Amino acid sequence: MRATHFSRGQHLLAAEVQFIAELLVVEIAAPALTRPRLGSLYDVPLLTFDKQG
């Protein structure tokens, strides 16, 4: 975390945070995965399975 400025009362006014994540990738043939944007999640793409049938 890197602070960019502290006031006299030592209140953090700005910072930079980095998250490191370890991901496991597994290859699948079916069903297909999609990333539709969801309005309820502020248009963030959500990884989902295609609907079957």
# chains A, B, ... in the order shown; residues from 1 in each chain; ligands from 1
$ residues_around --residues "Ala32 (chain A)" --least-positions-apart "4" --cutoff "9 Å" --atoms "only C-alpha atoms" --output "list in words"
Ile28, Thr48, Phe49, Asp50 and Lys51 of chain A
$ write_last_selection --atoms "N, CA and C atoms" --output "compact mmCIF listing (two decimals), in the first residue's frame"
# COMPACT_ATOMS: atom_id res chain seq x y z
N ILE A 28 -12.65 -27.00 -19.92
CA ILE A 28 -13.86 -27.80 -20.06
C ILE A 28 -14.35 -27.70 -21.50
N THR A 48 -20.42 -17.18 -16.49
CA THR A 48 -21.54 -18.09 -16.28
C THR A 48 -21.50 -19.21 -17.31
N PHE A 49 -22.27 -20.27 -17.05
CA PHE A 49 -22.45 -21.38 -17.99
C PHE A 49 -23.61 -21.04 -18.91
N ASP A 50 -23.50 -21.43 -20.20
CA ASP A 50 -24.63 -21.30 -21.12
C ASP A 50 -25.75 -22.19 -20.63
N LYS A 51 -26.99 -21.74 -20.81
CA LYS A 51 -28.15 -22.54 -20.44
C LYS A 51 -28.33 -23.69 -21.42
$ residues_around --residues "region 43-46 of chain A" --least-positions-apart "6" --cutoff "12 Å" --atoms "only C-alpha atoms" --output "MDAnalysis selection string"
chainID A and resid 33:37
